[in-house]
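Undergrad: Sharing input08.tsv, TSV, C-alpha atoms:
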```tsv
chain	number	residue	atom	x	y	z
D	1	MET	CA	60.97	-24.72	-297.70
D	2	ASN	CA	62.64	-21.31	-298.13
D	3	TRP	CA	63.40	-21.23	-294.44
D	4	ALA	CA	66.09	-23.90	-294.83
D	5	ASP	CA	69.63	-23.88	-296.19
D	6	PRO	CA	69.88	-26.87	-298.60
D	7	GLU	CA	73.59	-27.60	-298.09
D	8	LEU	CA	73.38	-27.32	-294.30
D	9	THR	CA	70.24	-29.48	-294.35
D	10	ARG	CA	72.08	-32.25	-296.24
D	11	THR	CA	75.04	-32.06	-293.87
D	12	LEU	CA	72.97	-32.22	-290.70
D	13	ALA	CA	70.59	-34.85	-292.14
D	14	ASP	CA	73.60	-37.13	-292.69
D	15	LEU	CA	74.75	-36.55	-289.10
D	16	ILE	CA	71.24	-37.20	-287.78
D	17	ASP	CA	71.04	-40.46	-289.74
D	18	GLU	CA	74.34	-41.50	-288.16
D	19	TYR	CA	73.09	-40.45	-284.72
D	20	VAL	CA	69.77	-42.33	-284.89
D	21	GLY	CA	71.63	-45.33	-286.32
D	22	TYR	CA	73.59	-45.62	-283.09
D	23	SER	CA	70.33	-46.36	-281.27
D	24	ALA	CA	69.88	-49.60	-283.23
D	25	THR	CA	73.09	-51.02	-281.77
D	26	MET	CA	72.69	-49.14	-278.49
D	27	ASN	CA	76.05	-47.52	-279.18
D	28	PHE	CA	75.83	-44.70	-276.70
D	29	ALA	CA	79.53	-43.88	-276.94
D	30	GLY	CA	78.88	-43.13	-280.62
D	31	LYS	CA	75.84	-41.02	-279.75
D	32	ARG	CA	77.74	-39.12	-277.07
D	33	ALA	CA	80.64	-38.42	-279.45
D	34	MET	CA	78.19	-36.45	-281.60
D	35	TRP	CA	77.46	-34.03	-278.75
D	36	ASP	CA	79.47	-30.93	-277.81
D	37	LYS	CA	81.91	-32.32	-275.24
D	38	ASP	CA	82.74	-28.82	-273.97
D	39	ASP	CA	79.16	-27.99	-272.99
D	40	PRO	CA	78.35	-29.23	-269.46
D	41	GLN	CA	74.68	-28.22	-269.84
D	42	VAL	CA	73.72	-30.22	-272.95
D	43	LEU	CA	69.97	-30.85	-273.03
D	44	LEU	CA	68.13	-33.96	-274.21
D	45	MET	CA	64.33	-33.94	-274.03
D	46	PRO	CA	62.99	-37.38	-274.98
D	47	GLU	CA	59.28	-37.35	-275.75
D	48	GLU	CA	58.57	-39.93	-273.05
D	49	ASN	CA	60.22	-37.95	-270.23
D	50	LYS	CA	58.32	-35.45	-268.13
D	51	GLU	CA	61.42	-33.32	-267.61
D	52	PRO	CA	64.45	-32.52	-269.75
D	53	LEU	CA	67.72	-34.32	-269.13
D	54	ILE	CA	70.34	-31.65	-268.57
D	55	GLY	CA	74.01	-32.56	-268.48
D	56	TRP	CA	75.77	-35.91	-268.73
D	57	GLY	CA	74.86	-36.81	-265.14
D	58	ALA	CA	71.24	-37.08	-266.32
D	59	ILE	CA	71.71	-38.28	-269.92
D	60	GLY	CA	74.19	-41.08	-269.15
D	61	PRO	CA	71.87	-43.05	-266.84
D	62	TYR	CA	68.96	-42.57	-269.29
D	63	TRP	CA	70.95	-44.17	-272.12
D	64	LYS	CA	72.35	-46.88	-269.84
D	65	ASP	CA	68.86	-48.03	-268.85
D	66	TRP	CA	67.77	-48.63	-272.46
D	67	SER	CA	69.25	-52.10	-272.78
D	68	SER	CA	67.64	-53.22	-269.52
D	69	VAL	CA	64.22	-52.12	-270.84
D	70	MET	CA	64.46	-52.68	-274.60
D	71	GLU	CA	65.36	-55.62	-276.76
D	72	TYR	CA	65.85	-53.24	-279.69
D	73	ILE	CA	64.99	-49.80	-281.05
D	74	ARG	CA	65.02	-48.68	-284.66
D	75	SER	CA	64.55	-45.09	-285.78
D	76	HIS	CA	64.14	-43.34	-289.11
D	77	ALA	CA	64.46	-39.57	-289.57
D	78	ALA	CA	62.94	-37.69	-292.52
D	79	ASN	CA	61.85	-34.25	-293.73
D	80	HIS	CA	64.93	-32.46	-292.44
D	81	ALA	CA	65.19	-28.68	-292.66
D	82	ALA	CA	68.15	-26.75	-291.25
D	83	ARG	CA	69.30	-23.17	-291.14
D	84	PHE	CA	72.09	-21.17	-289.57
D	85	LEU	CA	71.36	-19.22	-286.41
D	86	THR	CA	74.90	-17.82	-286.47
D	87	PRO	CA	77.90	-18.91	-288.57
D	88	GLU	CA	78.81	-21.34	-285.76
D	89	MET	CA	75.33	-22.46	-284.69
D	90	ALA	CA	72.45	-24.14	-286.54
D	91	VAL	CA	68.99	-25.54	-285.95
D	92	CYS	CA	67.64	-28.63	-287.68
D	93	ILE	CA	64.06	-29.84	-287.47
D	94	TYR	CA	62.90	-33.24	-288.67
D	95	ASP	CA	60.34	-36.01	-288.26
D	96	MET	CA	61.29	-39.30	-286.70
D	97	ARG	CA	59.56	-42.65	-286.35
D	98	TRP	CA	60.87	-45.10	-283.80
D	99	VAL	CA	59.94	-48.72	-283.24
D	100	ALA	CA	61.06	-50.54	-280.10
D	101	LYS	CA	60.61	-54.00	-278.69
D	102	LEU	CA	60.44	-53.92	-274.91
D	103	HIS	CA	61.60	-56.98	-272.97
D	104	ARG	CA	58.30	-57.14	-271.07
D	105	SER	CA	56.02	-56.78	-274.10
D	106	PRO	CA	55.27	-59.39	-276.78
D	107	LYS	CA	54.70	-56.73	-279.47
D	108	PRO	CA	56.77	-53.73	-280.57
D	109	VAL	CA	55.70	-50.18	-279.74
D	110	SER	CA	56.14	-47.20	-282.03
D	111	ALA	CA	55.69	-43.44	-282.19
D	112	ASP	CA	56.11	-40.55	-284.55
D	113	VAL	CA	57.82	-37.48	-283.15
D	114	ARG	CA	58.97	-34.09	-284.34
D	115	VAL	CA	62.50	-33.17	-283.36
D	116	THR	CA	64.29	-29.87	-282.92
D	117	SER	CA	68.06	-30.15	-282.69
D	118	LEU	CA	70.59	-27.40	-282.08
D	119	TRP	CA	74.13	-27.81	-283.37
D	120	ARG	CA	77.39	-26.01	-282.65
D	121	LYS	CA	80.31	-25.91	-285.11
D	122	ARG	CA	83.45	-27.27	-283.48
D	123	PRO	CA	86.90	-28.04	-284.94
D	124	GLU	CA	85.85	-31.70	-285.25
D	125	GLY	CA	82.58	-30.75	-287.02
D	126	TRP	CA	78.97	-30.08	-286.07
D	127	ARG	CA	78.04	-31.22	-282.57
D	128	LEU	CA	74.68	-31.41	-280.82
D	129	PHE	CA	74.01	-29.44	-277.67
D	130	HIS	CA	70.20	-29.50	-277.54
D	131	LEU	CA	67.77	-32.14	-278.83
D	132	MET	CA	64.06	-32.03	-278.13
D	133	GLU	CA	61.44	-34.55	-279.24
D	134	SER	CA	57.75	-33.75	-279.36
D	135	PRO	CA	55.02	-36.35	-279.96
D	136	ILE	CA	52.50	-35.72	-282.70
D	137	ASP	CA	49.02	-35.53	-281.20
D	138	GLY	CA	46.39	-38.17	-281.93
D	139	GLU	CA	44.17	-35.97	-284.08
D	140	ALA	CA	47.06	-35.01	-286.37
D	141	LEU	CA	48.10	-38.67	-286.65
D	142	MET	CA	44.55	-39.62	-287.65
D	143	ARG	CA	44.47	-36.93	-290.36
D	144	MET	CA	47.84	-38.15	-291.68
D	145	ALA	CA	46.55	-41.75	-291.77
D	146	TYR	CA	43.41	-40.70	-293.67
D	147	GLU	CA	45.50	-38.73	-296.15
D	148	ALA	CA	47.87	-41.67	-296.72
D	149	GLU	CA	44.93	-44.01	-297.29
D	150	TYR	CA	43.33	-41.53	-299.71
D	151	ARG	CA	46.57	-41.36	-301.71
D	152	ARG	CA	46.79	-45.15	-301.75
D	153	VAL	CA	43.22	-45.58	-303.02
D	154	PHE	CA	43.22	-42.56	-305.36
D	155	PRO	CA	46.86	-42.17	-306.48
D	156	ALA	CA	46.04	-39.90	-309.44
D	157	SER	CA	44.13	-37.41	-307.25
D	158	ARG	CA	46.30	-34.88	-305.51
```
Please render this file's structure as structure tokens.
TA:
Amino acid sequence: MNWADPELTRTLADLIDEYVGYSATMNFAGKRAMWDKDDPQVLLMPEENKEPLIGWGAIGPYWKDWSSVMEYIRSHAANHAARFLTPEMAVCIYDMRWVAKLHRSPKPVSADVRVTSLWRKRPEGWRLFHLMESPIDGEALMRMAYEAEYRRVFPASR
């Protein structure tokens, strides 16, 4: 993708892997440390929320409630692409699959989302200040499943 800066993409992909890894252990102090501590209006838009969570007064309770609802959550990010908006600001887009086991459900639940993250360069490194998840619609998921099955059955055909 010509849109992306390869070096910045690698840097932010590593940070995103670290960030989503904190979900597995429900280490929200680790997640929060990756956000811009000087921005009181940070924005987190989880795909399951109707409204964005703006500021730590909204994000903190959202993260705190996870362990009361979930036994575990695992996430994997892929297909990162990042570019500079300014020398001190960047955007990174990526795909993410999450799998969670809710306390009240016998089986795990899962979803694929697209994520847009905005990062600010700080003395301590790149820090998030905006993260927005968007679910992939059912029709697109079905096309992706058909394509994956086609590749499995006909690997030589591309």
Undergrad: Quick one, how far is CA of Met34 in chain D from CA of Arg122 in chain D?
TA: 10.7 Å
Undergrad: Could you give me the centre and size, in Å to one decimal, of an axis-aligned box around all listed atoms of range 23-41 of chain D with 4 Å added on every side, as lines of an AutoDock Vina configuration file?
TA:
```
center_x = 76.3
center_y = -39.5
center_z = -276.3
size_x = 20.9
size_y = 31.0
size_z = 21.8
```
Undergrad: Using all atoms listed in the file, can you tell me which of D:Trp126, D:Trp35, D:Tyr62, D:Tyr19 comes closest to Ala77 in chain D?
TA: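 Answer, going by the shortest atom-to-atom distance: D:Tyr19.
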Undergrad: Mind checking which residues fall within 8 Å of Ser134 in chain D, counting all atoms listed in the file, ignoring those fewer than 3 positions away in the same chain, and posting them as number ranges by chain?
TA: D: 46-47, 113-115
Undergrad: Residues of the last selection are to be written out with C-alpha atoms, as a PDB file, in the coordinates of the input.
TA:
```
ATOM      1  CA  PRO D  46      62.990 -37.380-274.980  1.00  0.00           C
ATOM      2  CA  GLU D  47      59.280 -37.350-275.750  1.00  0.00           C
ATOM      3  CA  VAL D 113      57.820 -37.480-283.150  1.00  0.00           C
ATOM      4  CA  ARG D 114      58.970 -34.090-284.340  1.00  0.00           C
ATOM      5  CA  VAL D 115      62.500 -33.170-283.360  1.00  0.00           C
TER       6      VAL D 115
END
```
Undergrad: I need the residue nearest Ala24 in chain D from this list: D:Ala78, D:Val153, D:Met70, D:Leu118. Use all atoms listed in the file for the distance.
TA: D:Met70
Undergrad: How many Å lie between CA of Leu131 in chain D and CA of Ser110 in chain D, rounded to one decimal?
TA: 19.3 Å
Undergrad: When you draw a straight line from CA of Gly60 in chain D to CA of Glu18 in chain D, how long is it in Å?
TA: 19.0 Å
Undergrad: Can you work out which one of D:Lys64, D:Arg32, D:His76, D:Arg83 has the shortest atom-to-atom distance to Thr116 in chain D, counting all atoms listed in the file?
TA: D:Arg83
Undergrad: Go through D:Leu102, D:Ala58, D:Cys92, D:Leu43 and flag the residue nearest Arg10 in chain D, using only C-alpha atoms for the distances.
TA: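 Checking each candidate against Arg10 in chain D, we get D:Cys92 as the closest.
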Undergrad: Closest to Gln41 in chain D among D:Ile54, D:Ala156, D:Asp65, D:Ile16, using all atoms listed in the file?
TA: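 Closest to Gln41 in chain D, using all atoms listed in the file: D:Ile54.
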Undergrad: Within 12 Å of Asp39 in chain D, counting only C-alpha atoms, which residues qualify if same-chain residues fewer than 5 places away don't, as a list in words?
TA: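 Residues meeting the cut-off are Arg32, Ile54, Gly55, Trp56, Trp119, Arg120, Arg122, Arg127, Leu128, Phe129 and His130 of chain D.
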Undergrad: Please dump the current selection as a PDB file, keeping the file's coordinate frame; keep C-alpha atoms.
TA:
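Output saved as part-v9.pdb:
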```pdb
ATOM      1  CA  ARG D  32      77.740 -39.120-277.070  1.00  0.00           C
ATOM      2  CA  ILE D  54      70.340 -31.650-268.570  1.00  0.00           C
ATOM      3  CA  GLY D  55      74.010 -32.560-268.480  1.00  0.00           C
ATOM      4  CA  TRP D  56      75.770 -35.910-268.730  1.00  0.00           C
ATOM      5  CA  TRP D 119      74.130 -27.810-283.370  1.00  0.00           C
ATOM      6  CA  ARG D 120      77.390 -26.010-282.650  1.00  0.00           C
ATOM      7  CA  ARG D 122      83.450 -27.270-283.480  1.00  0.00           C
ATOM      8  CA  ARG D 127      78.040 -31.220-282.570  1.00  0.00           C
ATOM      9  CA  LEU D 128      74.680 -31.410-280.820  1.00  0.00           C
ATOM     10  CA  PHE D 129      74.010 -29.440-277.670  1.00  0.00           C
ATOM     11  CA  HIS D 130      70.200 -29.500-277.540  1.00  0.00           C
TER      12      HIS D 130
END
```
Undergrad: Identify, on the basis of all atoms listed in the file, every residue whose closest approach to Tyr22 in chain D does not exceed 10 Å; exclude the query and any residue fewer than 5 positions from it along the same chain; express the result as a count of residues only.
TA: 11
Undergrad: With a distance cut-off of 8 Å and all atoms listed in the file, select the neighbouring residues of Lys101 in chain D, excluding the residue or stretch itself and same-chain residues fewer than 6 positions from it, and output the selection as a list in words.
TA: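 Here the qualifying residues turn out to be Met70, Glu71, Tyr72, Ile73, Lys107, Pro108 and Val109 of chain D.
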Undergrad: Could you check the closest approach to Pro135 in chain D for each of D:Met45, D:Ile59, D:Val91, D:Ala82 and tell me which residue wins, using all atoms listed in the file?
TA: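 Among the listed residues, D:Met45 lies closest to Pro135 in chain D.
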